[in-house]
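To keep things clear, I will list the structure first and then write my remarks on it.
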Amino acid sequence: MTITVLGISGSPHRHGNTETLLDSFLDGAKAAGAAVEKVVLKDLDYSACRGCNACHRDGNCIVKDDAVPLFEKMMAADIVAVASPIYSMGITAQLKGFIDRGQYLWARRFVTKTLEFSPEHIARHKGIFISTAGQNWDHVFDGAYPSLTALFHDAGFDYYDNIVANNMDQHKGIKNHPTSLKEAFDKGQKVVVLLKDRKKE
């Protein structure tokens with residue numbers, strides 16, 4: 001069975017540091033035999049969550065745009081790699097707006113109780129966060145992790161790994177970083193091989 005990998009780019013800057021790092025991960029996954037697709041959030045038409053709580057009644061989002069179909073695509077994948085640069089010590093507005101729209105999944109899990117994921121399902125669905133930052137601070141990515149935890153948890157994914165590269169200002173771009181692109185490629189290969197082995201069990 002083919003492993004499916006979905007990459008979601010949350011950067012408003014096309015083909016910049018973060019999307020390039022995501023592409024390297026996806027190249028590694030493809031090299032391991034996965035079926036790979038990339039979606040760029042800035043090219044989609046979706047709005048922020050209204051906070052109306054209508055999804056608390058029946059588990060459905062009343063806003064009809066590109067967000068819910070992307071969540072459905074995400075939940076159909078085996079591996080999801082979500083990428084965002086660090087803006088103002090957090091993820092981009094594009095990605096945060098998308099994550100907030102996943103409130104309907106939270107409602108299905110914890111309000112209407114119509115969505116449940118077994119431990120076996122979660123073990124076979126891996127979420128990866130990919131990010132770059134200009135600053136060289138060790139804690140520069142810390143503000144992003146809780147939002148990604150919520151996204152992966154609500155969609156039934158094991159938050160498996162982070163692929164992050166800071167100090168972009170000094171390196172003058174991801175292509176000058178000594179290890180990050182190879183690390184992303186290698187991790188793309190390894191997680192696909194891991195899931196292939198698990199699906200054989």
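Chain labels follow the order of the structure tokens: the first chain is A, the next B, and so on; residue numbering restarts at 1 in every chain, and ligands are counted from 1 in their shown order.
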For segment 34-50 of chain A, work out the shell of residues within 8 Å, counting only C-alpha atoms and skipping chain neighbours fewer than 4 positions away, then give it as a ChimeraX atom specification.
/A:2-12,26,29-30,65-67,94-95,97-98,100-101,103,192
Here is a test: counting only C-alpha atoms, which residue of A:Phe110, A:Phe129, A:Phe71, A:Trp137 is nearest to Met168 of chain A?
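Smallest separation from Met168 of chain A among the options: A:Trp137.
Note that atom CA of Lys172 of chain A and atom CA of Ile130 of chain A are 18.3 Å apart.
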Nearby residues (only C-alpha atoms) at most 10 Å from Ala144 of chain A, same-chain spacing under 2 positions excluded, as a PyMOL selection string
chain A and resi 84-87+89-92+96+129+131+140-142+146-149
Applying 12 Å and only C-alpha atoms, which residues near Tyr104 of chain A remain after dropping the ones on its own chain fewer than 6 positions away? List them as a PyMOL selection string.
chain A and resi 49-63+67-68+71-72+98+110-115+151+154-155
What does the distance from atom CA of Glu183 of chain A to atom CA of Gly16 of chain A come to in Å, to one decimal?
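Atom CA of Gly16 of chain A lies at a distance of 17.4 Å from atom CA of Glu183 of chain A.
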Which residue gives the smallest distance to Ile122 of chain A among A:Tyr145, A:Leu195, A:Gln189, A:Leu105, with only C-alpha atoms counted?
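When distances to Ile122 of chain A are compared using only C-alpha atoms, the smallest one comes from A:Leu195.
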Students should find that atom CA of Leu22 of chain A and atom CA of Ala133 of chain A are spaced 13.9 Å
Between A:Gln170, A:Thr132, A:Ser118, A:Asn162, single out the one closest to Asn17 of chain A, counting only C-alpha atoms.
A:Thr132
Backbone DSSP call of helix (DSSP H, G or I) for segment 155-193 of chain A, listed as a VMD selection string:
chain A and resid 168 to 171 174 to 176 180 to 193
Members of segment 4-198 of chain A assigned strand (DSSP E or B) by DSSP, as a ChimeraX atom specification
/A:4-9,35-40,79-83,87,90,126-132,158-165
Measuring atom to atom with only C-alpha atoms, identify which of A:Ala150, A:Val164, A:Ala107, A:Ile128 is nearest to Val80 of chain A.
A:Ile128
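Counting only C-alpha atoms, the residue from A:Asp78, A:Met1, A:His15, A:Ala31 that sits nearest to Ile174 of chain A is A:His15.
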